[in-house]
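Below is one structure, written out as structure tokens; the observations come after it.
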Amino acid sequence: MLFSQAKRGLICLLYSCLLIASVAPVASAQQAPATAPAAAAPRRQLAAQRTPTPLKLDGVLDDAAWQTAPLAGQFVERRPHPGRPERLPTEVRVLYDDAALYVGAKMLEASPDSIKRELTQRDNSGNTDFFAIFLDPYRDHLNGYGFIVQSTGVQIDNRYSPANGEDGAWNAVWESHVAPLPGGKGWSVEIRIPYSAIRFAAAPVQTWGVNFMRQRKASNQQFFWNEVQPSVDGFVNQWGELTGLENLHPPLRLSLTPYVSTYANHYPYNLEGKQNTSTSFNVGADVKWGINESFTLDATLIPDFGQTISDNQVLNLSPFEVQYQENRPFFTEGTELFNKGGLFYSRRVGAQPLGFSDVSGQLGKGEFLYQNPGVTRLLNATKVSGRTSKGLGIGVFNAVSAATYATVQDSASGRQREILTSPLTNYNIVVLDQSLPHNSYVSLINTNVTRAGSTYDANVTAGLFRFADKKNQYAFNGQLNYSMRRGQAMYSETPVSDPSGYKYYLNYGKISGNWTWNVDHGIESNTYNPNDLGILFGNNNVSQSATVNYNKYQPFWKVNNLSTTLGVYQSLLFRPLLYQDAGIYGSANTTFTKSFLTVGGNLNLDLQKHDYYEPRTAPLGGYYVRVPTSFNLGTFVSSDYRKKLAYDMNAGMRVYALDERLDRPRRLAYGLTLSPRYRVSDKLNFRYTFDYALKVNQIGYVNDGFDLTQPIDQQYSALLGPDVLLGRRRVATYTNTLTTNYTFTNRLSFTMRVRHYVSAVHYLAFARLRPTGAEEQLPDYQRAHDTSFNAFNVDASLVWWFAPGSQVSLVWKQAAATSLLGNAATPLYFDNLANVANTPHNNNVSVKVLYYLDYLSLRSRRG
């Protein structure tokens, strides 16, 4: 009864929210001044001064040129009290010559104890003060660079763009030094940014977008020179201007980073004729070449990604693949153009061979699979990207992976033969991105995968746009995609089943102010498929939603801020047009003024769902799993990271209604994450994360006769004729992760991460799924489907940055995984831990040396 009333109330609320959203522009004009949208602060200007001679960087601003350069000061607080002037002054000056931009800054303090100095690895921020300069050389108010120096001298660099937001994966080669101010009254920094690290137009007189930032960790305050208001949408569009740049000539940007690496790998095969230990030696290089002042070519030749951190493997019971994080540097650096539209999932390049899971079907009588490589070998990868003085961004990405073969052996004669699992493959992306006034843009993107032979090729084209008004209060954005596949599936003479499809998405809303809102609508056709170079989680969708947010940025009562969200959603199957799900969601969070304790919560009321993906059948068959109406409540707490002992906690519970039409016990789901961290000193810290999830009476597809640890969406079950087998199961998942960091200096650091994951599935009952969503219980079905999957990884690395852009890294990786099925599976955690401890472990030790060679530096040394 309760859930029936909630359903009727939700439908009324859905239409009410849509009505409110449609008239919100009129209503906002009647708001009180306290909640009216804020206008961006006026742009401040600073004149850069040319210096006749290069500066010596030591962190002490004692060169004569600093004394006469114009001063930037009077910073404005952004948090926790937006709009307040800073109490302890920050002083910044900017110089330049023909080769580089110089930034000098003094951060005054009350005493030396007020400066926080936790050492971290490069590109990581800890309990530390820092100073930052942000540059927008083309002044398009969308794309920028960030160069951050912590009080310890550790560097962080970022790119800013509409596609990636703050992209910390981008790296540049630049110099900085810090020093204490006399009398312990603060600290100072000198920064040298060579023009080869950024891109700008060739013009006799230039004005760049610029901003400066200071963080005082002791008081958790952040200040900007040009005020950045949290109520205004965007970041780069709130920067000031750097004037006085004259006769700058973009330099020849040419650098080579060769590498050598060696690996020793041990796995206890203990088989006759097969060595337990193997070694390898690799040589390659990364090349950067500035084609002109705007565009740069990045290439990796014979790449080596063996030292990247291990993937977080999981047991996959869902109908969709697991999306893993990209850890390979070449695919994370400078990819803001290629990530527009969400069409590029870089893990596709050098991924698992296309025919990896199906090669067993190609075995002849008496043959067995001797070797089946799990990844394709990447031969090379190249990126060309840049932006013209008119704001046109152009990006071209290309990569080639080698043909991959599995080896099979005849059990009687011992003869071996090879089976192609992935043909020679070319991956290509082309992007055109035109920046427009008022924080707007239009983009055109094309991705293409071409395979040798008759195996199918794939192509996706997309157009994107974002139009904001002059006051940056409202924005309309959208996307239209079209996918094509041509050719035959692997190991088949039949053409692919999804030759073409489309997707579109539209969103309109109010983007600035205390009150914001948006409405959106989208369609993914049943044959839309970008998966060859992108990633897709369920096409064949029609979706719409409406969301309203209220954010209070100024402190009040005992808190610093408040963020709230309320929204409704609905989705339909596209073909045939059928109901899928609908619901309401809300969230709120705040940070307390004195303790800086952040707390928040969320709630969801989801109406009964018809899950057409779980049965792994075509929707035209009418099969769907009926998921009862459910209510979810979650909460999180995050303590002040300035303290030696800090913690994060997240907990949630979902309760499902009883469905009178289905003979099932009530479904429940629980989740808990605890993550304490302890800073022993400014050099040593530990972080432990415990994650627990329990699903009781979960209903899911049973993959009869197949390995549940593999992606299930690629597998089939012929059991029960045209019907589908479902199981009612208990799924318990534990993840324990311990991370240790010891930073010797701002150039030398050690990190170790140990992770153990276990998921245990116990089936309680089975049922036959009918096309109407009905379930016929099967009390006599006895086949054991229980499973427990363990993954254990150790990743340890010692990294020394011995020169700008150059490093030596020593890495040890250990990995083991077990999958127990049927009666061998156990739900007990310590039994699973013992199983993975006793299984063979793969150990890999490697040393890699990178050395950065810059053409301009080499030429100046010879001169």
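Identifiers in this document derive from the order of the structure tokens: chains are assigned A, B, ..., residues are numbered from 1 separately in each chain, and ligands are numbered from 1 in order of occurrence.
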Run DSSP on the backbone and grab whatever in region 641-679 of chain A lands in strand (DSSP E or B); send it over as a PDB file with N, CA, C and O atoms, in the first residue's frame.
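Result file result23.pdb:
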ATOM      1  N   LEU A 645      45.073  11.919  11.904  1.00  0.00           N
ATOM      2  CA  LEU A 645      44.153  10.818  11.682  1.00  0.00           C
ATOM      3  C   LEU A 645      42.867  11.384  11.090  1.00  0.00           C
ATOM      4  O   LEU A 645      42.203  12.211  11.717  1.00  0.00           O
ATOM      5  N   ALA A 646      42.546  10.964   9.901  1.00  0.00           N
ATOM      6  CA  ALA A 646      41.320  11.399   9.233  1.00  0.00           C
ATOM      7  C   ALA A 646      40.622  10.163   8.670  1.00  0.00           C
ATOM      8  O   ALA A 646      41.197   9.069   8.616  1.00  0.00           O
ATOM      9  N   TYR A 647      39.389  10.351   8.238  1.00  0.00           N
ATOM     10  CA  TYR A 647      38.634   9.195   7.764  1.00  0.00           C
ATOM     11  C   TYR A 647      37.539   9.635   6.804  1.00  0.00           C
ATOM     12  O   TYR A 647      37.103  10.788   6.783  1.00  0.00           O
ATOM     13  N   ASP A 648      37.100   8.667   5.998  1.00  0.00           N
ATOM     14  CA  ASP A 648      35.914   8.803   5.162  1.00  0.00           C
ATOM     15  C   ASP A 648      35.021   7.599   5.444  1.00  0.00           C
ATOM     16  O   ASP A 648      35.509   6.471   5.620  1.00  0.00           O
ATOM     17  N   MET A 649      33.720   7.835   5.466  1.00  0.00           N
ATOM     18  CA  MET A 649      32.764   6.756   5.696  1.00  0.00           C
ATOM     19  C   MET A 649      31.575   6.934   4.771  1.00  0.00           C
ATOM     20  O   MET A 649      31.087   8.042   4.575  1.00  0.00           O
ATOM     21  N   ASN A 650      31.134   5.851   4.196  1.00  0.00           N
ATOM     22  CA  ASN A 650      29.978   5.870   3.304  1.00  0.00           C
ATOM     23  C   ASN A 650      29.141   4.642   3.596  1.00  0.00           C
ATOM     24  O   ASN A 650      29.677   3.516   3.640  1.00  0.00           O
ATOM     25  N   ALA A 651      27.846   4.814   3.813  1.00  0.00           N
ATOM     26  CA  ALA A 651      26.961   3.692   4.126  1.00  0.00           C
ATOM     27  C   ALA A 651      25.637   3.885   3.415  1.00  0.00           C
ATOM     28  O   ALA A 651      25.172   5.014   3.213  1.00  0.00           O
ATOM     29  N   GLY A 652      25.023   2.792   3.031  1.00  0.00           N
ATOM     30  CA  GLY A 652      23.743   2.873   2.345  1.00  0.00           C
ATOM     31  C   GLY A 652      22.948   1.591   2.475  1.00  0.00           C
ATOM     32  O   GLY A 652      23.492   0.517   2.772  1.00  0.00           O
ATOM     33  N   MET A 653      21.631   1.698   2.272  1.00  0.00           N
ATOM     34  CA  MET A 653      20.743   0.541   2.343  1.00  0.00           C
ATOM     35  C   MET A 653      19.612   0.740   1.335  1.00  0.00           C
ATOM     36  O   MET A 653      19.079   1.832   1.190  1.00  0.00           O
ATOM     37  N   ARG A 654      19.278  -0.324   0.633  1.00  0.00           N
ATOM     38  CA  ARG A 654      18.154  -0.299  -0.297  1.00  0.00           C
ATOM     39  C   ARG A 654      17.171  -1.398   0.105  1.00  0.00           C
ATOM     40  O   ARG A 654      17.561  -2.558   0.290  1.00  0.00           O
ATOM     41  N   VAL A 655      15.905  -1.016   0.227  1.00  0.00           N
ATOM     42  CA  VAL A 655      14.836  -1.934   0.600  1.00  0.00           C
ATOM     43  C   VAL A 655      13.859  -2.035  -0.556  1.00  0.00           C
ATOM     44  O   VAL A 655      13.417  -1.010  -1.102  1.00  0.00           O
ATOM     45  N   TYR A 656      13.512  -3.248  -0.948  1.00  0.00           N
ATOM     46  CA  TYR A 656      12.601  -3.490  -2.058  1.00  0.00           C
ATOM     47  C   TYR A 656      11.223  -3.877  -1.535  1.00  0.00           C
ATOM     48  O   TYR A 656      11.096  -4.583  -0.517  1.00  0.00           O
ATOM     49  N   LEU A 668      16.984  -7.130  -0.372  1.00  0.00           N
ATOM     50  CA  LEU A 668      17.667  -6.112   0.412  1.00  0.00           C
ATOM     51  C   LEU A 668      19.078  -5.922  -0.142  1.00  0.00           C
ATOM     52  O   LEU A 668      19.655  -6.845  -0.728  1.00  0.00           O
ATOM     53  N   ALA A 669      19.635  -4.735   0.057  1.00  0.00           N
ATOM     54  CA  ALA A 669      21.019  -4.475  -0.331  1.00  0.00           C
ATOM     55  C   ALA A 669      21.639  -3.517   0.666  1.00  0.00           C
ATOM     56  O   ALA A 669      20.998  -2.546   1.100  1.00  0.00           O
ATOM     57  N   TYR A 670      22.883  -3.801   1.057  1.00  0.00           N
ATOM     58  CA  TYR A 670      23.594  -2.970   2.015  1.00  0.00           C
ATOM     59  C   TYR A 670      24.983  -2.649   1.462  1.00  0.00           C
ATOM     60  O   TYR A 670      25.564  -3.436   0.708  1.00  0.00           O
ATOM     61  N   GLY A 671      25.515  -1.516   1.855  1.00  0.00           N
ATOM     62  CA  GLY A 671      26.867  -1.159   1.463  1.00  0.00           C
ATOM     63  C   GLY A 671      27.545  -0.343   2.537  1.00  0.00           C
ATOM     64  O   GLY A 671      26.903   0.471   3.215  1.00  0.00           O
ATOM     65  N   LEU A 672      28.855  -0.561   2.719  1.00  0.00           N
ATOM     66  CA  LEU A 672      29.611   0.164   3.724  1.00  0.00           C
ATOM     67  C   LEU A 672      31.046   0.336   3.236  1.00  0.00           C
ATOM     68  O   LEU A 672      31.669  -0.623   2.786  1.00  0.00           O
ATOM     69  N   THR A 673      31.545   1.569   3.322  1.00  0.00           N
ATOM     70  CA  THR A 673      32.942   1.846   3.007  1.00  0.00           C
ATOM     71  C   THR A 673      33.552   2.637   4.149  1.00  0.00           C
ATOM     72  O   THR A 673      33.013   3.676   4.561  1.00  0.00           O
ATOM     73  N   LEU A 674      34.668   2.148   4.680  1.00  0.00           N
ATOM     74  CA  LEU A 674      35.428   2.830   5.720  1.00  0.00           C
ATOM     75  C   LEU A 674      36.838   3.067   5.192  1.00  0.00           C
ATOM     76  O   LEU A 674      37.470   2.126   4.692  1.00  0.00           O
ATOM     77  N   SER A 675      37.319   4.294   5.318  1.00  0.00           N
ATOM     78  CA  SER A 675      38.643   4.597   4.774  1.00  0.00           C
ATOM     79  C   SER A 675      39.391   5.546   5.708  1.00  0.00           C
ATOM     80  O   SER A 675      39.411   6.756   5.486  1.00  0.00           O
ATOM     81  N   PRO A 676      40.035   5.007   6.744  1.00  0.00           N
ATOM     82  CA  PRO A 676      40.869   5.857   7.600  1.00  0.00           C
ATOM     83  C   PRO A 676      42.235   6.099   6.961  1.00  0.00           C
ATOM     84  O   PRO A 676      42.733   5.275   6.187  1.00  0.00           O
ATOM     85  N   ARG A 677      42.824   7.233   7.281  1.00  0.00           N
ATOM     86  CA  ARG A 677      44.165   7.558   6.802  1.00  0.00           C
ATOM     87  C   ARG A 677      44.948   8.161   7.961  1.00  0.00           C
ATOM     88  O   ARG A 677      44.395   8.906   8.779  1.00  0.00           O
ATOM     89  N   TYR A 678      46.231   7.820   8.010  1.00  0.00           N
ATOM     90  CA  TYR A 678      47.062   8.318   9.111  1.00  0.00           C
ATOM     91  C   TYR A 678      48.361   8.877   8.551  1.00  0.00           C
ATOM     92  O   TYR A 678      49.071   8.201   7.804  1.00  0.00           O
ATOM     93  N   ARG A 679      48.653  10.118   8.909  1.00  0.00           N
ATOM     94  CA  ARG A 679      49.884  10.769   8.489  1.00  0.00           C
ATOM     95  C   ARG A 679      50.873  10.694   9.640  1.00  0.00           C
ATOM     96  O   ARG A 679      50.779  11.408  10.635  1.00  0.00           O
TER      97      ARG A 679
END
Which residue is closest to Lys106 (chain A)? Choose from A:Glu175, A:Ser759, A:Thr152, A:Glu190 and count only C-alpha atoms. A:Glu190
With a distance cut-off of 10 Å and only C-alpha atoms, select the neighbouring residues of Tyr441 (chain A), excluding the residue or stretch itself and same-chain residues fewer than 2 positions from it, and output the selection as a PyMOL selection string. chain A and resi 140+142+162+391-392+433-439+443+464-468+477
Interatomic distance (Å, one decimal) between CA of Ala264 (chain A) and CA of Gly355 (chain A): 28.8 Å
Pick the closest to Pro329 (chain A) from A:Lys594, A:Lys552, A:Arg347, A:Lys274: which is it, counting only C-alpha atoms? A:Arg347
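Residue nearest Leu533 (chain A), chosen from A:Leu605, A:Val627, A:Leu343, A:Ala582 and counting only C-alpha atoms: A:Leu343.
The shell of residues at most 7 Å from Asn549 (chain A), with only C-alpha atoms counted and near chain neighbours (fewer than 4 positions) removed, consists of Trp515, Thr516, Trp517, Thr564, Thr565 and Leu566 of chain A.
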Counting only C-alpha atoms, what is within 8 Å of Thr772 (chain A), bar same-chain residues fewer than 6 positions away, as a PyMOL selection string? chain A and resi 622-624
Selected residues, all heavy atoms, written as a short mmCIF file (atom, residue, chain, number, x, y, z; two decimals), in the first residue's frame, please.
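The resulting result20.cif:
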data_model
loop_
_atom_site.label_atom_id
_atom_site.label_comp_id
_atom_site.auth_asym_id
_atom_site.auth_seq_id
_atom_site.Cartn_x
_atom_site.Cartn_y
_atom_site.Cartn_z
N GLY A 622 10.31 -9.94 -25.65
CA GLY A 622 9.43 -9.60 -24.53
C GLY A 622 9.95 -10.01 -23.17
O GLY A 622 9.24 -9.86 -22.17
N TYR A 623 11.16 -10.51 -23.08
CA TYR A 623 11.69 -10.96 -21.79
C TYR A 623 12.21 -9.77 -20.98
O TYR A 623 12.96 -8.94 -21.50
CB TYR A 623 12.83 -11.96 -21.98
CG TYR A 623 12.38 -13.31 -22.45
CD1 TYR A 623 12.29 -13.61 -23.81
CD2 TYR A 623 12.05 -14.30 -21.53
CE1 TYR A 623 11.88 -14.85 -24.24
CE2 TYR A 623 11.63 -15.56 -21.95
CZ TYR A 623 11.54 -15.82 -23.31
OH TYR A 623 11.13 -17.06 -23.72
N TYR A 624 11.81 -9.69 -19.73
CA TYR A 624 12.37 -8.70 -18.83
C TYR A 624 12.27 -9.23 -17.41
O TYR A 624 11.39 -10.04 -17.09
CB TYR A 624 11.67 -7.34 -18.95
CG TYR A 624 10.20 -7.34 -18.57
CD1 TYR A 624 9.80 -7.16 -17.25
CD2 TYR A 624 9.22 -7.50 -19.55
CE1 TYR A 624 8.46 -7.15 -16.90
CE2 TYR A 624 7.88 -7.50 -19.22
CZ TYR A 624 7.50 -7.31 -17.89
OH TYR A 624 6.17 -7.30 -17.56
#
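Using only C-alpha atoms for every distance, the candidate list A:Ser389, A:Thr277, A:Asn472, A:Ser681 yields A:Asn472 as the residue closest to Ile511 (chain A).
Around Phe830 (chain A), within 12 Å and counting only C-alpha atoms, the residues found are Tyr734, His756, Tyr757, Val758, Ala760, Asn790, Val836 and Ala837 of chain A, once anything fewer than 6 positions away on its own chain is removed.
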Keeping N, CA, C and O atoms, export the residues of the selection given above as a compact mmCIF listing (two decimals), in the first residue's frame.
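File written: again_33.txt
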# COMPACT_ATOMS: atom_id res chain seq x y z
N TYR A 734 33.82 -8.23 -0.58
CA TYR A 734 34.73 -7.53 0.33
C TYR A 734 35.93 -7.04 -0.48
O TYR A 734 36.48 -7.78 -1.31
N HIS A 756 43.12 -6.78 -1.90
CA HIS A 756 42.49 -8.10 -1.97
C HIS A 756 41.00 -7.92 -2.18
O HIS A 756 40.33 -7.22 -1.41
N TYR A 757 40.49 -8.54 -3.23
CA TYR A 757 39.07 -8.47 -3.56
C TYR A 757 38.51 -9.89 -3.56
O TYR A 757 39.11 -10.81 -4.10
N VAL A 758 37.33 -10.05 -2.94
CA VAL A 758 36.66 -11.34 -2.98
C VAL A 758 35.15 -11.10 -3.11
O VAL A 758 34.60 -10.23 -2.44
N ALA A 760 31.61 -13.54 -3.29
CA ALA A 760 31.07 -14.89 -3.16
C ALA A 760 29.58 -14.87 -3.49
O ALA A 760 28.83 -14.04 -2.97
N ASN A 790 38.45 -14.38 -6.32
CA ASN A 790 39.45 -13.63 -5.55
C ASN A 790 40.44 -12.98 -6.50
O ASN A 790 40.85 -13.58 -7.51
N VAL A 836 43.48 -17.81 -2.20
CA VAL A 836 44.29 -16.96 -3.08
C VAL A 836 45.73 -16.91 -2.60
O VAL A 836 46.67 -16.74 -3.41
N ALA A 837 45.97 -17.07 -1.30
CA ALA A 837 47.34 -17.08 -0.79
C ALA A 837 48.08 -18.33 -1.24
O ALA A 837 49.30 -18.30 -1.47
I'd like the interatomic distance between CA of Ala285 (chain A) and CA of Ser806 (chain A), to a tenth of an Å. 12.4 Å
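For the set A:Asn143, A:Asn448, A:Thr296, A:Thr421, the residue with the smallest atom-to-atom gap to Gly361 (chain A) is A:Thr421, counting only C-alpha atoms.
The space between CA of Ser125 (chain A) and CA of Lys185 (chain A) spans 22.8 Å.
Candidate residues A:Glu227, A:Arg747, A:Glu524, A:Gly601 were compared for distance to Pro804 (chain A), and the nearest is A:Arg747, using only C-alpha atoms.
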